[in-house]
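Below is the file model23.csv, which contains CSV, C-alpha atoms.
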chain,number,residue,atom,x,y,z
A,1,MET,CA,100.0,6.8,-12.0
A,2,GLY,CA,100.4,10.5,-11.1
A,3,ILE,CA,103.6,12.5,-11.3
A,4,THR,CA,106.5,13.4,-9.0
A,5,ARG,CA,108.5,16.5,-9.4
A,6,GLN,CA,111.8,17.1,-7.5
A,7,VAL,CA,113.3,20.5,-7.0
A,8,GLU,CA,116.9,20.5,-5.7
A,9,ILE,CA,117.6,22.8,-2.7
A,10,PRO,CA,120.5,25.2,-3.6
A,11,PRO,CA,123.4,25.5,-1.2
A,12,GLY,CA,122.9,28.1,1.6
A,13,VAL,CA,119.1,27.8,1.5
A,14,ASN,CA,117.1,26.4,4.4
A,15,VAL,CA,113.6,24.9,3.8
A,16,THR,CA,111.0,23.9,6.4
A,17,LEU,CA,107.5,22.7,5.9
A,18,GLU,CA,105.0,23.1,8.8
A,19,GLY,CA,101.6,21.9,7.7
A,20,SER,CA,101.1,23.5,4.4
A,21,MET,CA,103.3,26.6,5.0
A,22,LEU,CA,106.6,26.4,3.2
A,23,THR,CA,109.4,28.6,4.6
A,24,VAL,CA,112.5,29.3,2.5
A,25,SER,CA,115.3,31.3,3.9
A,26,GLY,CA,118.6,32.2,2.3
A,27,PRO,CA,121.2,34.9,2.1
A,28,LYS,CA,118.8,37.7,0.9
A,29,GLY,CA,115.9,36.9,3.3
A,30,THR,CA,113.0,34.6,4.1
A,31,LEU,CA,109.8,33.8,2.1
A,32,VAL,CA,106.7,32.0,3.4
A,33,ARG,CA,104.0,30.6,1.2
A,34,ASP,CA,100.9,28.5,1.7
A,35,ILE,CA,101.2,25.6,-0.8
A,36,ARG,CA,98.0,23.7,0.1
A,37,PHE,CA,96.1,22.1,-2.7
A,38,PRO,CA,93.9,19.0,-2.6
A,39,GLN,CA,95.5,15.7,-3.8
A,40,ILE,CA,98.9,17.2,-4.1
A,41,ASP,CA,101.6,16.3,-1.5
A,42,VAL,CA,104.6,18.5,-0.9
A,43,THR,CA,107.5,17.0,1.2
A,44,VAL,CA,110.9,18.3,2.1
A,45,GLY,CA,113.6,15.6,2.1
A,46,ASP,CA,117.3,15.1,1.8
A,47,GLY,CA,118.4,18.1,-0.3
A,48,GLU,CA,115.2,18.4,-2.3
A,49,VAL,CA,111.5,19.5,-2.3
A,50,VAL,CA,109.2,16.9,-3.8
A,51,VAL,CA,105.8,17.8,-5.3
A,52,SER,CA,103.7,14.7,-6.1
A,53,THR,CA,100.2,13.8,-7.0
A,54,ALA,CA,98.6,10.3,-7.4
A,55,SER,CA,95.9,11.7,-9.7
A,56,ASP,CA,96.1,11.7,-13.5
A,57,LYS,CA,93.6,14.5,-13.9
A,58,LYS,CA,94.8,17.5,-15.9
A,59,ARG,CA,93.9,19.9,-13.1
A,60,PHE,CA,96.2,18.2,-10.5
A,61,LEU,CA,99.1,17.6,-13.0
A,62,ALA,CA,99.0,21.3,-14.0
A,63,MET,CA,98.8,22.5,-10.3
A,64,SER,CA,101.8,20.3,-9.4
A,65,GLY,CA,103.8,22.1,-12.1
A,66,THR,CA,102.6,25.5,-10.7
A,67,LEU,CA,103.7,24.6,-7.2
A,68,GLU,CA,107.1,23.4,-8.5
A,69,ALA,CA,107.5,26.8,-10.3
A,70,HIS,CA,106.6,28.7,-7.1
A,71,VAL,CA,109.2,26.7,-5.1
A,72,LYS,CA,111.9,27.4,-7.8
A,73,SER,CA,111.1,31.2,-7.8
A,74,MET,CA,111.2,31.2,-4.0
A,75,PHE,CA,114.7,29.6,-4.2
A,76,ARG,CA,115.9,32.1,-6.8
A,77,GLY,CA,114.4,35.0,-4.8
A,78,VAL,CA,116.3,34.2,-1.5
A,79,VAL,CA,119.6,33.6,-3.4
A,80,GLU,CA,119.7,36.2,-6.2
A,81,GLY,CA,116.6,38.4,-5.8
A,82,TYR,CA,114.5,40.0,-8.6
A,83,GLU,CA,115.0,43.3,-10.3
A,84,TYR,CA,112.6,45.1,-12.7
A,85,ARG,CA,113.7,48.2,-14.7
A,86,MET,CA,111.1,50.6,-15.9
A,87,LYS,CA,111.5,53.6,-18.2
A,88,VAL,CA,109.7,56.9,-17.9
A,89,VAL,CA,108.5,58.0,-21.3
A,90,TYR,CA,107.0,61.5,-22.0
A,91,SER,CA,106.9,63.8,-25.0
A,92,HIS,CA,105.5,67.2,-23.7
A,93,PHE,CA,105.1,67.3,-20.0
A,94,PRO,CA,108.0,66.0,-17.9
A,95,ILE,CA,106.8,63.4,-15.5
A,96,GLN,CA,108.0,63.7,-11.9
A,97,LEU,CA,108.2,60.7,-9.6
A,98,LYS,CA,108.3,60.8,-5.8
A,99,GLN,CA,108.1,58.0,-3.3
A,100,GLN,CA,105.8,58.6,-0.3
A,101,GLY,CA,105.9,55.7,2.1
A,102,ASP,CA,104.2,52.8,0.4
A,103,ARG,CA,103.0,54.8,-2.6
A,104,LEU,CA,104.7,56.2,-5.7
A,105,GLU,CA,103.4,59.6,-6.6
A,106,ILE,CA,103.4,60.4,-10.3
A,107,ASN,CA,103.1,64.2,-10.9
A,108,ASN,CA,102.6,66.2,-14.1
A,109,PHE,CA,101.5,63.1,-16.1
A,110,LEU,CA,100.1,64.6,-19.4
A,111,GLY,CA,100.0,67.9,-17.6
A,112,GLU,CA,97.4,66.8,-15.1
A,113,LYS,CA,97.2,68.8,-11.8
A,114,GLN,CA,96.2,65.8,-9.7
A,115,PRO,CA,99.0,63.3,-9.0
A,116,ARG,CA,98.5,59.7,-9.9
A,117,LEU,CA,99.3,57.1,-7.2
A,118,ALA,CA,100.7,53.6,-7.5
A,119,LYS,CA,100.9,51.2,-4.6
A,120,ILE,CA,104.3,49.8,-3.6
A,121,LEU,CA,103.9,46.4,-2.0
A,122,LYS,CA,105.8,45.5,1.2
A,123,GLY,CA,109.2,44.1,0.6
A,124,VAL,CA,109.9,45.9,-2.7
A,125,THR,CA,112.6,48.6,-2.9
A,126,VAL,CA,112.1,51.4,-5.3
A,127,LYS,CA,115.0,53.4,-6.7
A,128,ILE,CA,114.1,56.4,-8.8
A,129,GLY,CA,116.8,57.6,-11.3
A,130,ASN,CA,116.8,60.0,-14.2
A,131,ASP,CA,113.9,58.7,-16.4
A,132,GLU,CA,114.3,55.2,-14.9
A,133,VAL,CA,112.7,53.3,-12.0
A,134,THR,CA,114.3,50.2,-10.5
A,135,LEU,CA,112.3,47.8,-8.4
A,136,THR,CA,114.1,45.1,-6.4
A,137,GLY,CA,112.9,42.4,-3.9
A,138,ILE,CA,113.0,38.7,-3.1
A,139,ASP,CA,109.4,37.9,-3.8
A,140,LYS,CA,108.8,37.7,-7.6
A,141,GLU,CA,105.1,38.2,-7.3
A,142,LYS,CA,105.3,41.4,-5.2
A,143,VAL,CA,108.0,42.9,-7.5
A,144,GLY,CA,105.9,42.1,-10.6
A,145,ASN,CA,102.7,43.4,-9.0
A,146,THR,CA,104.3,46.7,-8.0
A,147,ALA,CA,105.6,47.1,-11.6
A,148,ALA,CA,102.1,46.4,-12.9
A,149,ASN,CA,100.6,48.9,-10.4
A,150,ILE,CA,103.0,51.6,-11.7
A,151,GLU,CA,102.2,50.8,-15.4
A,152,HIS,CA,98.5,50.8,-14.6
A,153,ALA,CA,98.6,54.2,-12.8
A,154,THR,CA,100.1,55.8,-15.9
A,155,ARG,CA,97.5,54.3,-18.3
A,156,VAL,CA,96.3,56.8,-21.0
A,157,THR,CA,92.5,57.1,-21.3
A,158,LYS,CA,90.3,59.2,-23.5
A,159,ARG,CA,93.2,59.9,-25.9
A,160,ASP,CA,94.7,58.2,-28.9
A,161,PRO,CA,97.3,55.8,-27.5
A,162,ARG,CA,99.3,56.0,-30.8
A,163,VAL,CA,99.8,59.7,-30.2
A,164,PHE,CA,100.1,59.9,-26.4
A,165,GLN,CA,102.6,57.2,-25.6
A,166,ASP,CA,103.5,58.8,-22.2
A,167,GLY,CA,103.8,56.5,-19.2
A,168,VAL,CA,106.2,54.3,-17.1
A,169,TYR,CA,106.9,51.0,-18.9
A,170,ILE,CA,108.7,47.8,-17.9
A,171,THR,CA,111.8,47.5,-20.0
A,172,GLU,CA,113.8,44.7,-18.3
A,173,ARG,CA,113.2,41.8,-15.9
A,174,ALA,CA,116.0,40.1,-14.1
What is this file in structure tokens?
Amino acid sequence: MGITRQVEIPPGVNVTLEGSMLTVSGPKGTLVRDIRFPQIDVTVGDGEVVVSTASDKKRFLAMSGTLEAHVKSMFRGVVEGYEYRMKVVYSHFPIQLKQQGDRLEINNFLGEKQPRLAKILKGVTVKIGNDEVTLTGIDKEKVGNTAANIEHATRVTKRDPRVFQDGVYITERA
């Protein structure tokens, strides 16, 4: 039995498969991902990427859907890109943000003297505005992980979270 899933390649996007490495290139850039998984075959044919499995086991059916979603997000990334908007929230101590290479430095968080650091992954562009941070990139995973790193760096510990709601939070994903 098994299942076969087809993902149509959008216009202006080139897809190549060498072994298990899928390379997708489009107007915004190029993404490479290893899509190896046992008993799941991925082929690039006339205008579509086909993810198929001959197994009926739940594990392989679920993973074929995951690989299909990865391929779709790669297509969307090289055509449109991804953008996360984050809001800087503070009540007493104004938070200052500064980008230093591959790190975001968060100063004066809850009046702390030591700056908190958040890792910015390669391929993600950070734009710091007035009480807003915008993350853009073509890899959905890297943009999302960078946003999570920033949220995690401003986590409030040893205080009542209902009172101290300071931090940098994701407000919009696009």
Note to self: Between atom CA of A:Val32 and atom CA of A:Asn145, what is the distance in Å, rounded to a tenth?
What the structure shows: 17.3 Å
Item checked: Long-range neighbours of A:Thr30 as a PyMOL selection string, 10 Å cut-off, only C-alpha atoms, 3 positions minimum in chain -> chain A and resi 13-15+23-27+74-75+77-78+138-139
Which residues are close to stretch 47-50 of chain A, i.e. within 7 Å by only C-alpha atoms, leaving aside same-chain residues fewer than 5 positions away? Reply as a compact mmCIF listing (two decimals) with C-alpha atoms, in the coordinates of the input.
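This is the output file selection_3.txt:
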# COMPACT_ATOMS: atom_id res chain seq x y z
CA THR A 4 106.50 13.40 -9.00
CA ARG A 5 108.50 16.50 -9.40
CA GLN A 6 111.80 17.10 -7.50
CA VAL A 7 113.30 20.50 -7.00
CA GLU A 8 116.90 20.50 -5.70
CA ILE A 9 117.60 22.80 -2.70
CA VAL A 42 104.60 18.50 -0.90
Margin query: For a quick check of your reading of the model, name the residues lying within 10 Å of the coordinate (102.6, 26.0, -2.1), counting all atoms listed in the file, and write them as number ranges by chain.
Written below: A: 17, 20-23, 32-37, 40-42, 51, 63-64, 66-71
Margin query: Calculated over all atoms listed in the file, which of the candidates A:His92, A:Lys57, A:Lys127, A:Arg76 has the smallest distance to A:Asp166?
Written below: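 Closest to A:Asp166 of all the choices is A:His92.
Interatomic distance, atom CA of A:Ala118 to atom CA of A:Phe93: 19.1 Å.
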Note to self: Show me the residues around (108.7, 50.2, -10.2) - criterion: an atom at most 10 Å away, only C-alpha atoms counted - as a VMD selection string.
What the structure shows: chain A and resid 83 to 87 104 118 to 120 124 to 128 132 to 136 143 to 151 168 to 170
Note to self: What does the structure give for the distance between atom CA of A:Ser91 and atom CA of A:Ala153, in Å to one decimal?
What the structure shows: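 Distance reported for this atom pair: 17.6 Å.
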Next item on the list: Would you please work out which residue, of A:Gly2, A:Glu172, A:Leu121, A:Pro11, is nearest to A:Arg59 when using all atoms listed in the file?
Entry: A:Gly2
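The shortest atom-to-atom distance to A:Thr53, with all atoms listed in the file taken into account, belongs to A:Ile3 out of A:Lys28, A:Asn108, A:Ile3, A:Pro94.
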Check: With distances taken over only C-alpha atoms, which of A:Gln165, A:Leu97, A:Gly45, A:Ser52 is nearest to A:Gly65?
Finding: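 Selected residue with least distance to A:Gly65: A:Ser52.
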Given 8 Å on each side, where is the centre and what are the edge lengths in Å to one decimal of the axis-aligned box enclosing the listed atoms of stretch 154-161 of chain A, as lines of an AutoDock Vina configuration file?
center_x = 95.2
center_y = 57.1
center_z = -22.4
size_x = 25.8
size_y = 21.6
size_z = 29.0
Since the input lacks atoms, please generate N, CA and C atoms for stretch 151-167 of chain A and provide them as a compact mmCIF listing (two decimals), keeping the file's coordinate frame.
# COMPACT_ATOMS: atom_id res chain seq x y z
N GLU A 151 102.63 50.73 -13.96
CA GLU A 151 102.20 50.80 -15.40
C GLU A 151 100.72 51.18 -15.45
N HIS A 152 99.91 50.57 -14.59
CA HIS A 152 98.50 50.80 -14.60
C HIS A 152 98.12 52.25 -14.20
N ALA A 153 98.88 52.80 -13.26
CA ALA A 153 98.60 54.20 -12.80
C ALA A 153 98.88 55.19 -13.91
N THR A 154 99.76 54.86 -14.86
CA THR A 154 100.10 55.80 -15.90
C THR A 154 99.38 55.41 -17.25
N ARG A 155 98.25 54.72 -17.14
CA ARG A 155 97.50 54.30 -18.30
C ARG A 155 96.85 55.57 -18.95
N VAL A 156 96.92 55.70 -20.27
CA VAL A 156 96.30 56.80 -21.00
C VAL A 156 94.91 56.48 -21.37
N THR A 157 93.95 57.31 -20.91
CA THR A 157 92.50 57.10 -21.30
C THR A 157 92.00 58.31 -21.97
N LYS A 158 90.98 58.11 -22.78
CA LYS A 158 90.30 59.20 -23.50
C LYS A 158 91.18 59.95 -24.47
N ARG A 159 92.27 59.34 -24.86
CA ARG A 159 93.20 59.90 -25.90
C ARG A 159 93.65 58.83 -26.79
N ASP A 160 94.15 59.22 -27.94
CA ASP A 160 94.70 58.20 -28.90
C ASP A 160 96.01 57.68 -28.40
N PRO A 161 96.08 56.38 -28.07
CA PRO A 161 97.30 55.80 -27.50
C PRO A 161 98.48 55.79 -28.52
N ARG A 162 98.18 55.97 -29.82
CA ARG A 162 99.30 56.00 -30.80
C ARG A 162 99.98 57.37 -30.76
N VAL A 163 99.26 58.40 -30.32
CA VAL A 163 99.80 59.70 -30.20
C VAL A 163 100.42 59.98 -28.84
N PHE A 164 99.63 59.66 -27.80
CA PHE A 164 100.10 59.90 -26.40
C PHE A 164 100.65 58.58 -25.87
N GLN A 165 101.95 58.43 -26.02
CA GLN A 165 102.60 57.20 -25.60
C GLN A 165 103.34 57.42 -24.25
N ASP A 166 102.92 58.45 -23.51
CA ASP A 166 103.50 58.80 -22.20
C ASP A 166 103.19 57.64 -21.22
N GLY A 167 104.10 57.46 -20.26
CA GLY A 167 103.80 56.50 -19.20
C GLY A 167 105.15 55.96 -18.63
